[in-house]
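Participant: PDB, C-alpha atoms and all ligand atoms, file entry27.pdb:
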```
ATOM      1  CA  MET A  81       9.745 -22.702  -9.524
ATOM      2  CA  ILE A  82       7.012 -20.537  -7.998
ATOM      3  CA  ALA A  83       5.168 -23.608  -6.684
ATOM      4  CA  SER A  84       8.254 -25.005  -4.934
ATOM      5  CA  LEU A  85       9.230 -21.615  -3.465
ATOM      6  CA  PHE A  86       5.839 -21.317  -1.761
ATOM      7  CA  SER A  87       5.040 -24.982  -1.098
ATOM      8  CA  LEU A  88       4.558 -26.023   2.541
ATOM      9  CA  LYS A  89       4.160 -29.709   1.729
ATOM     10  CA  GLY A  90       5.332 -31.921   4.586
ATOM     11  CA  LYS A  91       5.122 -29.108   7.151
ATOM     12  CA  LYS A  92       2.871 -29.056  10.208
ATOM     13  CA  ALA A  93       1.276 -25.745  11.098
ATOM     14  CA  PHE A  94      -0.571 -24.618  14.222
ATOM     15  CA  VAL A  95      -2.480 -21.330  14.021
ATOM     16  CA  SER A  96      -3.903 -20.077  17.311
ATOM     17  CA  GLY A  97      -7.339 -18.482  17.059
ATOM     18  CA  SER A  98      -8.089 -19.840  13.590
ATOM     19  CA  SER A  99     -11.798 -20.555  13.927
ATOM     20  CA  ARG A 100     -12.545 -17.066  12.612
ATOM     21  CA  GLY A 101     -11.070 -13.871  11.211
ATOM     22  CA  ILE A 102      -7.394 -13.377  10.389
ATOM     23  CA  GLY A 103      -6.286 -16.703  11.873
ATOM     24  CA  ARG A 104      -8.791 -18.595   9.749
ATOM     25  CA  ALA A 105      -7.638 -16.928   6.519
ATOM     26  CA  VAL A 106      -3.985 -17.556   7.404
ATOM     27  CA  ALA A 107      -4.574 -21.206   8.311
ATOM     28  CA  MET A 108      -6.562 -21.813   5.108
ATOM     29  CA  LEU A 109      -3.803 -20.347   2.944
ATOM     30  CA  LEU A 110      -1.073 -22.344   4.700
ATOM     31  CA  GLY A 111      -3.225 -25.449   4.181
ATOM     32  CA  GLU A 112      -3.757 -24.657   0.521
ATOM     33  CA  ALA A 113       0.025 -24.343   0.198
ATOM     34  CA  GLY A 114       0.271 -27.956   1.381
ATOM     35  CA  ALA A 115       0.753 -27.744   5.159
ATOM     36  CA  GLU A 116      -1.077 -30.046   7.559
ATOM     37  CA  VAL A 117      -3.000 -27.576   9.706
ATOM     38  CA  TRP A 118      -4.313 -27.497  13.263
ATOM     39  CA  PHE A 119      -7.234 -25.073  13.518
ATOM     40  CA  HIS A 120      -7.809 -23.709  16.993
ATOM     41  CA  ALA A 121     -10.461 -21.889  19.031
ATOM     42  CA  SER A 122     -10.930 -21.071  22.697
ATOM     43  CA  ARG A 123     -13.725 -23.639  22.972
ATOM     44  CA  PRO A 124     -15.697 -26.051  20.778
ATOM     45  CA  SER A 125     -18.016 -23.942  18.621
ATOM     46  CA  PRO A 126     -20.057 -23.978  15.424
ATOM     47  CA  ALA A 127     -17.484 -21.550  13.950
ATOM     48  CA  LEU A 128     -14.658 -24.015  14.566
ATOM     49  CA  ASP A 129     -16.713 -26.892  13.108
ATOM     50  CA  ALA A 130     -17.642 -24.864  10.020
ATOM     51  CA  THR A 131     -14.014 -23.818   9.482
ATOM     52  CA  LEU A 132     -12.815 -27.400   9.706
ATOM     53  CA  ALA A 133     -15.547 -28.524   7.281
ATOM     54  CA  GLU A 134     -14.477 -25.792   4.824
ATOM     55  CA  ALA A 135     -10.826 -26.845   5.122
ATOM     56  CA  GLU A 136     -11.771 -30.466   4.438
ATOM     57  CA  LYS A 137     -13.750 -29.308   1.402
ATOM     58  CA  ARG A 138     -10.579 -27.629   0.147
ATOM     59  CA  ALA A 139      -8.697 -30.937   0.620
ATOM     60  CA  ILE A 140      -6.537 -29.536   3.404
ATOM     61  CA  ALA A 141      -5.093 -32.107   5.819
ATOM     62  CA  CYS A 142      -6.542 -30.679   9.012
ATOM     63  CA  HIS A 143      -7.366 -31.149  12.678
ATOM     64  CA  SER A 144      -8.998 -28.992  15.316
ATOM     65  CA  VAL A 145      -8.169 -28.278  18.909
ATOM     66  CA  ALA A 146     -10.200 -26.218  21.381
ATOM     67  CA  ALA A 147      -8.260 -24.739  24.294
ATOM     68  CA  ASP A 148      -8.600 -21.525  26.261
ATOM     69  CA  LEU A 149      -5.265 -19.701  26.248
ATOM     70  CA  SER A 150      -6.039 -17.502  29.227
ATOM     71  CA  GLY A 151      -4.516 -20.279  31.348
ATOM     72  CA  MET A 152      -1.493 -22.526  30.958
ATOM     73  CA  GLU A 153      -3.676 -25.668  30.828
ATOM     74  CA  GLY A 154      -4.759 -24.502  27.375
ATOM     75  CA  VAL A 155      -1.138 -24.410  26.252
ATOM     76  CA  ASP A 156      -0.551 -27.959  27.554
ATOM     77  CA  GLN A 157      -3.652 -29.184  25.764
ATOM     78  CA  ILE A 158      -2.440 -27.743  22.453
ATOM     79  CA  VAL A 159       1.048 -29.198  22.857
ATOM     80  CA  ARG A 160      -0.434 -32.652  23.598
ATOM     81  CA  SER A 161      -2.667 -32.433  20.542
ATOM     82  CA  VAL A 162      -0.213 -30.978  17.994
ATOM     83  CA  ARG A 163       2.960 -32.656  19.348
ATOM     84  CA  GLU A 164       5.294 -31.525  16.527
ATOM     85  CA  CYS A 165       5.022 -28.129  14.873
ATOM     86  CA  ASP A 166       7.120 -26.623  12.054
ATOM     87  CA  ILE A 167       5.061 -23.466  11.617
ATOM     88  CA  LEU A 168       3.706 -21.638  14.645
ATOM     89  CA  ILE A 169       1.365 -18.711  14.101
ATOM     90  CA  LEU A 170       0.583 -16.760  17.277
ATOM     91  CA  ASN A 171      -2.683 -15.122  16.329
ATOM     92  CA  ALA A 172      -5.183 -15.540  19.188
ATOM     93  CA  SER A 173      -5.630 -12.531  21.425
ATOM     94  CA  VAL A 174      -8.113 -10.814  23.693
ATOM     95  CA  GLN A 175      -8.804  -7.108  24.084
ATOM     96  CA  ARG A 176     -11.235  -4.835  25.865
ATOM     97  CA  TYR A 177     -11.886  -1.205  25.127
ATOM     98  CA  LEU A 178     -10.956   0.517  28.395
ATOM     99  CA  THR A 179      -8.934   3.611  29.200
ATOM    100  CA  LEU A 180      -5.831   3.188  31.353
ATOM    101  CA  ASP A 181      -7.797   4.612  34.297
ATOM    102  CA  GLU A 182     -10.489   1.985  33.894
ATOM    103  CA  PHE A 183      -8.201  -1.064  33.751
ATOM    104  CA  ASP A 184      -8.051  -3.304  36.803
ATOM    105  CA  GLY A 185      -5.563  -6.028  37.701
ATOM    106  CA  GLU A 186      -7.833  -8.812  36.586
ATOM    107  CA  GLU A 187      -8.219  -7.511  33.038
ATOM    108  CA  PHE A 188      -4.510  -6.664  32.897
ATOM    109  CA  ALA A 189      -3.680 -10.293  33.836
ATOM    110  CA  ARG A 190      -6.213 -11.741  31.389
ATOM    111  CA  GLU A 191      -4.773  -9.798  28.445
ATOM    112  CA  PHE A 192      -1.117 -10.420  29.341
ATOM    113  CA  ASN A 193      -1.697 -14.114  30.125
ATOM    114  CA  THR A 194      -3.537 -14.800  26.872
ATOM    115  CA  ASN A 195      -1.676 -12.560  24.453
ATOM    116  CA  VAL A 196       1.872 -12.815  25.807
ATOM    117  CA  ARG A 197       2.372 -15.584  28.351
ATOM    118  CA  ALA A 198       0.475 -18.328  26.463
ATOM    119  CA  SER A 199       1.998 -17.295  23.140
ATOM    120  CA  PHE A 200       5.494 -17.382  24.563
ATOM    121  CA  ALA A 201       4.815 -20.741  26.247
ATOM    122  CA  LEU A 202       3.870 -22.143  22.826
ATOM    123  CA  VAL A 203       7.180 -20.874  21.455
ATOM    124  CA  GLN A 204       9.050 -22.520  24.321
ATOM    125  CA  ALA A 205       7.207 -25.795  23.736
ATOM    126  CA  PHE A 206       7.731 -26.016  19.978
ATOM    127  CA  LEU A 207      11.065 -24.262  19.433
ATOM    128  CA  PRO A 208      13.347 -27.126  20.582
ATOM    129  CA  GLY A 209      11.780 -29.462  17.967
ATOM    130  CA  MET A 210      12.126 -26.823  15.248
ATOM    131  CA  ARG A 211      15.782 -26.304  16.122
ATOM    132  CA  ALA A 212      16.457 -30.057  16.181
ATOM    133  CA  ARG A 213      14.853 -30.473  12.733
ATOM    134  CA  ARG A 214      16.700 -27.369  11.482
ATOM    135  CA  PHE A 215      13.492 -25.818  10.204
ATOM    136  CA  GLY A 216      10.967 -23.585  11.869
ATOM    137  CA  ARG A 217       8.763 -20.583  11.229
ATOM    138  CA  ILE A 218       7.258 -18.428  13.953
ATOM    139  CA  VAL A 219       4.962 -15.529  13.095
ATOM    140  CA  SER A 220       3.269 -13.430  15.748
ATOM    141  CA  ILE A 221       0.302 -11.291  14.831
ATOM    142  CA  GLY A 222       0.839  -7.905  16.384
ATOM    143  CA  SER A 223      -1.026  -4.697  15.705
ATOM    144  CA  VAL A 224      -0.465  -1.114  14.615
ATOM    145  CA  ASN A 225      -1.243  -0.466  18.294
ATOM    146  CA  GLN A 226       2.256  -1.738  19.143
ATOM    147  CA  ARG A 227       3.669   1.644  18.148
ATOM    148  CA  LYS A 228       0.621   3.896  18.140
ATOM    149  CA  PRO A 229      -1.399   2.816  21.179
ATOM    150  CA  SER A 230      -5.033   3.731  20.917
ATOM    151  CA  PRO A 231      -6.250   5.512  24.111
ATOM    152  CA  ARG A 232      -8.846   2.805  24.819
ATOM    153  CA  LEU A 233      -6.557  -0.144  24.042
ATOM    154  CA  GLY A 234      -3.562   0.707  26.222
ATOM    155  CA  ILE A 235      -3.029  -2.693  27.844
ATOM    156  CA  TYR A 236      -3.781  -4.603  24.630
ATOM    157  CA  ALA A 237      -1.264  -2.361  22.840
ATOM    158  CA  ALA A 238       1.312  -3.134  25.524
ATOM    159  CA  THR A 239       0.746  -6.887  25.103
ATOM    160  CA  LYS A 240       1.319  -6.578  21.359
ATOM    161  CA  ALA A 241       4.531  -4.581  21.860
ATOM    162  CA  ALA A 242       5.757  -7.160  24.387
ATOM    163  CA  LEU A 243       4.987 -10.116  22.138
ATOM    164  CA  ALA A 244       6.651  -8.531  19.110
ATOM    165  CA  ASN A 245       9.712  -7.763  21.197
ATOM    166  CA  LEU A 246       9.972 -11.389  22.398
ATOM    167  CA  ILE A 247       9.538 -12.781  18.895
ATOM    168  CA  LEU A 248      12.111 -10.466  17.366
ATOM    169  CA  ASN A 249      14.559 -11.468  20.093
ATOM    170  CA  CYS A 250      13.796 -15.110  19.337
ATOM    171  CA  ALA A 251      14.709 -14.413  15.688
ATOM    172  CA  ARG A 252      18.284 -13.602  16.668
ATOM    173  CA  SER A 253      18.785 -16.616  18.899
ATOM    174  CA  SER A 254      17.216 -19.142  16.507
ATOM    175  CA  ALA A 255      18.451 -18.044  13.086
ATOM    176  CA  GLU A 256      21.467 -20.358  13.032
ATOM    177  CA  PHE A 257      19.126 -23.331  13.571
ATOM    178  CA  GLY A 258      17.035 -22.637  10.468
ATOM    179  CA  VAL A 259      14.229 -21.027  12.448
ATOM    180  CA  THR A 260      12.866 -17.633  11.433
ATOM    181  CA  ALA A 261      10.672 -15.447  13.632
ATOM    182  CA  ASN A 262       8.767 -12.401  12.457
ATOM    183  CA  ASN A 263       5.897 -10.156  13.495
ATOM    184  CA  VAL A 264       3.039  -9.014  11.258
ATOM    185  CA  ALA A 265       1.177  -5.920  12.449
ATOM    186  CA  PRO A 266      -2.321  -5.511  11.003
ATOM    187  CA  GLY A 267      -4.199  -2.223  10.918
ATOM    188  CA  VAL A 268      -8.001  -2.257  10.872
ATOM    189  CA  ILE A 269      -9.131  -5.588   9.489
ATOM    190  CA  ALA A 270     -12.889  -6.201   9.281
ATOM    191  CA  THR A 271     -13.607  -9.191  11.539
ATOM    192  CA  ASP A 272     -16.092 -10.133  14.282
ATOM    193  CA  ARG A 273     -13.892  -8.265  16.755
ATOM    194  CA  ASN A 274     -14.649  -4.812  15.368
ATOM    195  CA  ALA A 275     -17.896  -5.520  13.463
ATOM    196  CA  GLU A 276     -19.974  -3.409  15.855
ATOM    197  CA  THR A 277     -17.644  -0.394  15.679
ATOM    198  CA  LEU A 278     -17.304  -0.538  11.901
ATOM    199  CA  ALA A 279     -21.083  -0.829  11.494
ATOM    200  CA  ASP A 280     -21.446   2.652  13.014
ATOM    201  CA  PRO A 281     -21.140   5.002   9.986
ATOM    202  CA  ALA A 282     -19.732   7.939  11.989
ATOM    203  CA  ALA A 283     -17.092   5.784  13.712
ATOM    204  CA  ALA A 284     -16.219   4.011  10.462
ATOM    205  CA  ARG A 285     -15.741   7.338   8.654
ATOM    206  CA  LYS A 286     -13.441   8.618  11.400
ATOM    207  CA  ILE A 287     -11.313   5.477  11.284
ATOM    208  CA  LEU A 288     -11.128   5.513   7.485
ATOM    209  CA  GLU A 289      -9.643   9.002   7.638
ATOM    210  CA  GLN A 290      -6.609   7.460   9.365
ATOM    211  CA  ILE A 291      -6.080   4.817   6.668
ATOM    212  CA  PRO A 292      -4.283   6.128   3.571
ATOM    213  CA  VAL A 293      -5.718   3.429   1.254
ATOM    214  CA  ARG A 294      -9.223   4.433   2.483
ATOM    215  CA  ARG A 295     -10.582   0.963   3.059
ATOM    216  CA  PHE A 296     -10.603  -1.548   5.876
ATOM    217  CA  GLY A 297      -8.465  -4.633   5.399
ATOM    218  CA  THR A 298      -9.781  -8.160   4.992
ATOM    219  CA  PRO A 299      -8.450 -11.267   6.775
ATOM    220  CA  GLU A 300      -7.149 -12.418   3.379
ATOM    221  CA  ASP A 301      -5.076  -9.206   3.120
ATOM    222  CA  CYS A 302      -3.055 -10.558   6.066
ATOM    223  CA  ALA A 303      -2.587 -14.120   4.819
ATOM    224  CA  GLY A 304      -0.214 -13.638   1.864
ATOM    225  CA  ILE A 305       2.598 -12.125   3.895
ATOM    226  CA  VAL A 306       2.355 -14.963   6.430
ATOM    227  CA  LEU A 307       2.629 -17.546   3.640
ATOM    228  CA  LEU A 308       5.708 -15.731   2.310
ATOM    229  CA  LEU A 309       7.329 -15.711   5.762
ATOM    230  CA  CYS A 310       6.615 -19.434   6.233
ATOM    231  CA  SER A 311       7.824 -20.555   2.812
ATOM    232  CA  GLU A 312      11.213 -21.212   1.265
ATOM    233  CA  ALA A 313      10.848 -17.851  -0.503
ATOM    234  CA  GLY A 314      10.914 -16.188   2.925
ATOM    235  CA  SER A 315      13.806 -18.152   4.413
ATOM    236  CA  TYR A 316      16.108 -15.093   4.552
ATOM    237  CA  ILE A 317      13.523 -12.899   6.266
ATOM    238  CA  THR A 318      13.840 -12.974  10.031
ATOM    239  CA  GLY A 319      13.437 -10.409  12.769
ATOM    240  CA  ALA A 320      11.101  -8.329  10.600
ATOM    241  CA  ASP A 321       8.094  -6.413  11.859
ATOM    242  CA  ILE A 322       5.752  -5.901   8.916
ATOM    243  CA  PRO A 323       2.664  -3.666   8.943
ATOM    244  CA  VAL A 324      -0.360  -4.823   6.915
ATOM    245  CA  ALA A 325      -2.347  -1.713   7.514
ATOM    246  CA  GLY A 326      -3.037   0.196   4.300
ATOM    247  CA  GLY A 327      -0.512   2.760   5.495
ATOM    248  CA  MET A 328      -2.199   3.353   8.857
ATOM    249  CA  GLN A 329       1.155   2.901  10.640
ATOM    250  CA  LEU A 330       2.500   6.084   8.993
TER     251      LEU A 330
HETATM  252  P1  LIG G   1     -11.319 -12.502  16.039
HETATM  253  O1  LIG G   1     -12.116 -12.472  14.793
HETATM  254  O2  LIG G   1     -11.833 -11.850  17.274
HETATM  255  O3  LIG G   1     -10.951 -14.042  16.351
HETATM  256  C1  LIG G   1     -10.218 -14.327  17.485
HETATM  257  C2  LIG G   1      -9.742 -15.751  17.474
HETATM  258  O4  LIG G   1      -8.970 -15.954  18.676
HETATM  259  C3  LIG G   1     -10.880 -16.762  17.507
HETATM  260  O5  LIG G   1     -10.472 -17.934  16.854
HETATM  261  C4  LIG G   1     -11.044 -17.003  19.005
HETATM  262  O6  LIG G   1     -11.623 -18.267  19.332
HETATM  263  C5  LIG G   1      -9.597 -16.960  19.474
HETATM  264  N1  LIG G   1      -9.529 -16.618  20.892
HETATM  265  C6  LIG G   1     -10.088 -15.551  21.506
HETATM  266  N2  LIG G   1      -9.883 -15.619  22.845
HETATM  267  C7  LIG G   1      -9.178 -16.750  23.062
HETATM  268  C8  LIG G   1      -8.689 -17.395  24.245
HETATM  269  N3  LIG G   1      -8.873 -16.889  25.466
HETATM  270  N4  LIG G   1      -8.049 -18.567  24.093
HETATM  271  C9  LIG G   1      -7.852 -19.110  22.883
HETATM  272  N5  LIG G   1      -8.292 -18.551  21.726
HETATM  273  C10 LIG G   1      -8.953 -17.388  21.821
HETATM  274  O7  LIG G   1      -9.869 -11.869  15.854
HETATM  275  P2  LIG G   1      -9.210 -11.118  14.594
HETATM  276  O8  LIG G   1      -9.825  -9.772  14.457
HETATM  277  O9  LIG G   1      -9.151 -12.027  13.413
HETATM  278  O10 LIG G   1      -7.731 -10.894  15.161
HETATM  279  C11 LIG G   1      -6.731 -11.876  15.032
HETATM  280  C12 LIG G   1      -5.426 -11.313  15.558
HETATM  281  O11 LIG G   1      -5.096 -10.125  14.831
HETATM  282  C13 LIG G   1      -5.474 -10.911  17.029
HETATM  283  O12 LIG G   1      -4.245 -11.166  17.639
HETATM  284  C14 LIG G   1      -5.682  -9.413  16.971
HETATM  285  O13 LIG G   1      -5.180  -8.778  18.118
HETATM  286  C15 LIG G   1      -4.888  -9.054  15.738
HETATM  287  N6  LIG G   1      -5.325  -7.807  15.132
HETATM  288  C16 LIG G   1      -6.577  -7.677  14.643
HETATM  289  C17 LIG G   1      -6.953  -6.480  14.073
HETATM  290  C18 LIG G   1      -8.315  -6.260  13.496
HETATM  291  O14 LIG G   1      -8.600  -5.117  13.085
HETATM  292  N7  LIG G   1      -9.182  -7.248  13.413
HETATM  293  C19 LIG G   1      -6.030  -5.406  14.024
HETATM  294  C20 LIG G   1      -4.763  -5.583  14.533
HETATM  295  C21 LIG G   1      -4.408  -6.788  15.089
HETATM  296  P3  LIG G   1     -13.235 -18.386  19.586
HETATM  297  O15 LIG G   1     -13.845 -18.534  18.224
HETATM  298  O16 LIG G   1     -13.370 -19.603  20.436
HETATM  299  O17 LIG G   1     -13.646 -17.141  20.293
END
```
Kindly return the structure encoded in the file as structure tokens.

Facilitator:
Amino acid sequence: MIASLFSLKGKKAFVSGSSRGIGRAVAMLLGEAGAEVWFHASRPSPALDATLAEAEKRAIACHSVAADLSGMEGVDQIVRSVRECDILILNASVQRYLTLDEFDGEEFAREFNTNVRASFALVQAFLPGMRARRFGRIVSIGSVNQRKPSPRLGIYAATKAALANLILNCARSSAEFGVTANNVAPGVIATDRNAETLADPAAARKILEQIPVRRFGTPEDCAGIVLLLCSEAGSYITGADIPVAGGMQL
């Protein structure tokens, strides 16, 4: 019973930004649940190769695709490579620590193009197939910044709020076709992205004070909820926005 509720056998999953960090942990778990997985990075890299080798070691049916999502060519490349997708995880994003005063148009465009426009273009590309097959799962990876924008991540926070809003809207319009769409909002998860900040004891202490469970999350902390949302067990959950943040959203 438990195995069939969480099995993803026969499903094809694409996880953007899965060479490292949260995306990697999510893609591995979906693969271990039986999905055929496309691992993705912005460019060919040793990290992507090592992740694919690890997935093969775990007997996951897997492929890799390298494509920069700051431009629409990257989206086209992914669609050509994956072709059919039952489970779409929108995880890749870019961010720069800048105050609102420091942001310029170029950085604004880079963050919105990568985090929102490319993600939404992937939804538009794969959603018709999901609807036709009467099964689909879309999960966007947001951030606690969606609701509580950090002063130095204002534009990034806005991209996460925009993406969550689009995905939750998609939930309403796709539910009758067997497609669910949800957003998962991590708090502080220890990955390459924040390794430098978290390695500074004073900064780490200050951040920990804002996290009720008093520890940073791990990429694996984010994977279980995504598996639930993608599985049969999660088929009645749509339009949800779920923090995985050790209470930091409070
Ligand atoms: P990460 O370790 O920095 O990994 C980022 C992934 O995205 C990598 O696979 C990277 O590929 C890919 N990527 C980056 N820029 C890209 C581009 N222009 N085109 C295509 N792919 C690109 O990230 P993470 O910390 O695991 O975060 C994953 C997601 O969770 C992000 O959406 C992030 O905003 C969100 N999040 C993270 C935290 C946190 O504390 N870590 C908190 C809240 C939300 P390469 O290997 O080629 O660079």

Participant: Can you list every residue of chain A that has an atom at most 6 Å from ligand LIG 1 (chain G), with its nearest atom pair and the distance in Å to one decimal, using all atoms listed in the file, ordered by chain then number, as a tab-separated table?

Facilitator:
```
residue	atom	partner	partner_atom	distance
A:Gly97	CA	G:LIG1	O5	3.2
A:Ser98	CA	G:LIG1	O5	4.5
A:Ser99	CA	G:LIG1	O5	4.1
A:Arg100	CA	G:LIG1	O5	4.8
A:Gly101	CA	G:LIG1	O9	3.5
A:Ile102	CA	G:LIG1	O9	3.7
A:Gly103	CA	G:LIG1	O9	5.7
A:Ala121	CA	G:LIG1	O6	3.8
A:Ser122	CA	G:LIG1	O16	3.6
A:Arg123	CA	G:LIG1	O16	4.8
A:Ala147	CA	G:LIG1	C9	5.8
A:Asp148	CA	G:LIG1	N4	3.7
A:Leu149	CA	G:LIG1	N4	3.7
A:Ser150	CA	G:LIG1	N3	4.7
A:Asn171	CA	G:LIG1	O12	4.5
A:Ala172	CA	G:LIG1	O4	3.8
A:Ser173	CA	G:LIG1	O12	4.3
A:Val174	CA	G:LIG1	N2	5.2
A:Thr194	CA	G:LIG1	N3	5.9
A:Ile221	CA	G:LIG1	O12	5.3
A:Gly222	CA	G:LIG1	C21	5.5
A:Ser223	CA	G:LIG1	C20	4.0
A:Pro266	CA	G:LIG1	C20	4.3
A:Gly267	CA	G:LIG1	C19	4.8
A:Val268	CA	G:LIG1	O14	3.7
A:Ile269	CA	G:LIG1	O14	3.7
A:Ala270	CA	G:LIG1	N7	5.6
A:Thr271	CA	G:LIG1	O8	4.8
A:Asp272	CA	G:LIG1	O1	4.6
A:Arg273	CA	G:LIG1	O2	4.2
```

Participant: From the list A:Ser315, A:Gly209, A:Tyr177, A:Tyr236, which residue is nearest Thr277 of chain A when using all atoms listed in the file?

Facilitator: A:Tyr177

Participant: Go through A:Val293, A:Met81, A:Ala201, A:Leu168 one by one, measure the shortest atom-to-atom distance of each to Val306 of chain A using only C-alpha atoms, and give the residue with the smallest value.

Facilitator: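 Looking only at the distances to Val306 of chain A, the closest residue turns out to be A:Leu168.
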
Participant: Of the candidates A:Ala130, A:Ala265, A:Cys250, A:Leu180, which one gets nearest to Leu233 of chain A if we count only C-alpha atoms?

Facilitator: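 Smallest distance to Leu233 of chain A is found for A:Leu180.
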
Participant: Taking all atoms listed in the file into account, name the residue in A:Asp166, A:Glu276, A:Asp301, A:Glu153 that is nearest to Ala325 of chain A.

Facilitator: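 Checking each candidate against Ala325 of chain A, we get A:Asp301 as the closest.
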
Participant: For Asn274 of chain A, which residue among A:Ile291, A:Ala127, A:Arg176, A:Leu246 is the nearest when counting only C-alpha atoms?

Facilitator: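 The closest residue to Asn274 of chain A is A:Arg176.
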
Participant: For atom CA of Met152 of chain A and atom CA of Ile247 of chain A, quote the distance in Å rounded to one decimal.

Facilitator: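 Between atom CA of Met152 of chain A and atom CA of Ile247 of chain A the gap works out to 19.0 Å.
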
Participant: Using all atoms listed in the file - which residues lie no farther than 8 Å from the point (1.4, -9.9, 24.5) in the file's frame? Write them as number ranges by chain.

Facilitator: A: 191-197, 199, 236, 238-244

Participant: So what do you get for atom CA of Gly319 of chain A versus atom CA of Ile167 of chain A, distance-wise?

Facilitator: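 Separation between atom CA of Gly319 of chain A and atom CA of Ile167 of chain A: 15.6 Å.
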
Participant: What is the distance, in Å and to one decimal place, between atom CA of Ile82 of chain A and atom CA of Ile140 of chain A?

Facilitator: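 Distance between the two atoms: 19.9 Å.
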
Participant: Applying 9 Å and only C-alpha atoms, which residues near Leu309 of chain A remain after dropping the ones on its own chain fewer than 3 positions away? List them as a list in words.

Facilitator: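 In the requested format, the answer is Arg217, Ile218, Val219, Thr260, Ala261, Asn262, Gly304, Ile305, Val306, Glu312, Ala313, Gly314, Ser315, Tyr316, Ile317 and Thr318 of chain A.
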
Participant: Apply the PyMOL selection byres (((chain A and resi 131) around 10) and not hetatm) to the structure shown and report the selected residues as an mmCIF file with C-alpha atoms, in the frame of the given file.

Facilitator:
```cif
data_model
loop_
_atom_site.group_PDB
_atom_site.id
_atom_site.type_symbol
_atom_site.label_atom_id
_atom_site.label_comp_id
_atom_site.auth_asym_id
_atom_site.auth_seq_id
_atom_site.Cartn_x
_atom_site.Cartn_y
_atom_site.Cartn_z
ATOM 1 C CA SER A 98 -8.089 -19.840 13.590
ATOM 2 C CA SER A 99 -11.798 -20.555 13.927
ATOM 3 C CA ARG A 100 -12.545 -17.066 12.612
ATOM 4 C CA ARG A 104 -8.791 -18.595 9.749
ATOM 5 C CA ALA A 105 -7.638 -16.928 6.519
ATOM 6 C CA ALA A 107 -4.574 -21.206 8.311
ATOM 7 C CA MET A 108 -6.562 -21.813 5.108
ATOM 8 C CA PHE A 119 -7.234 -25.073 13.518
ATOM 9 C CA HIS A 120 -7.809 -23.709 16.993
ATOM 10 C CA SER A 125 -18.016 -23.942 18.621
ATOM 11 C CA PRO A 126 -20.057 -23.978 15.424
ATOM 12 C CA ALA A 127 -17.484 -21.550 13.950
ATOM 13 C CA LEU A 128 -14.658 -24.015 14.566
ATOM 14 C CA ASP A 129 -16.713 -26.892 13.108
ATOM 15 C CA ALA A 130 -17.642 -24.864 10.020
ATOM 16 C CA LEU A 132 -12.815 -27.400 9.706
ATOM 17 C CA ALA A 133 -15.547 -28.524 7.281
ATOM 18 C CA GLU A 134 -14.477 -25.792 4.824
ATOM 19 C CA ALA A 135 -10.826 -26.845 5.122
ATOM 20 C CA GLU A 136 -11.771 -30.466 4.438
ATOM 21 C CA LYS A 137 -13.750 -29.308 1.402
ATOM 22 C CA SER A 144 -8.998 -28.992 15.316
#
```

Participant: Just the residues within 10 Å of Lys228 of chain A, please, counting only C-alpha atoms, with nothing from its chain fewer than 5 positions along; format it as a tab-separated table (two decimals) with C-alpha atoms, in the coordinates of the input.

Facilitator:
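After the write, result_10.tsv holds the following:
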```
chain	number	residue	atom	x	y	z
A	223	SER	CA	-1.03	-4.70	15.70
A	234	GLY	CA	-3.56	0.71	26.22
A	237	ALA	CA	-1.26	-2.36	22.84
A	328	MET	CA	-2.20	3.35	8.86
A	329	GLN	CA	1.16	2.90	10.64
A	330	LEU	CA	2.50	6.08	8.99
```

Participant: Give me the box for segment 219-238 of chain A as AutoDock Vina command-line options, namely the centre and edge lengths in Å to one decimal of a box along x, y and z that holds every listed atom plus 5 Å on each side.

Facilitator:
```
--center_x -1.9 --center_y -5.0 --center_z 20.5 --size_x 23.8 --size_y 31.0 --size_z 24.7
```

Participant: Go through A:Gly90, A:Gly151, A:Pro323, A:Gly111 and flag the residue nearest Asn263 of chain A, using only C-alpha atoms for the distances.

Facilitator: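 Answer, going by the shortest atom-to-atom distance: A:Pro323.
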
Participant: Need to verify the contact set: Pro292 of chain A, 8 Å, only C-alpha atoms, exclusion of same-chain residues closer than 3 positions in sequence. Can you return it as a list of chain:residue names?

Facilitator: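 Residues meeting the cut-off are A:Leu288, A:Glu289, A:Gly326, A:Gly327, A:Met328.
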
Participant: Apply the PyMOL selection byres (((chain A and resi 88) around 8) and not hetatm) to the structure shown and report the selected residues as a list in words.

Facilitator: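 In the shown coordinates, the PyMOL selection byres (((chain A and resi 88) around 8) and not hetatm) covers Phe86, Ser87, Lys89, Gly90, Lys91, Leu110, Gly111, Ala113, Gly114, Ala115, Cys310 and Ser311 of chain A.
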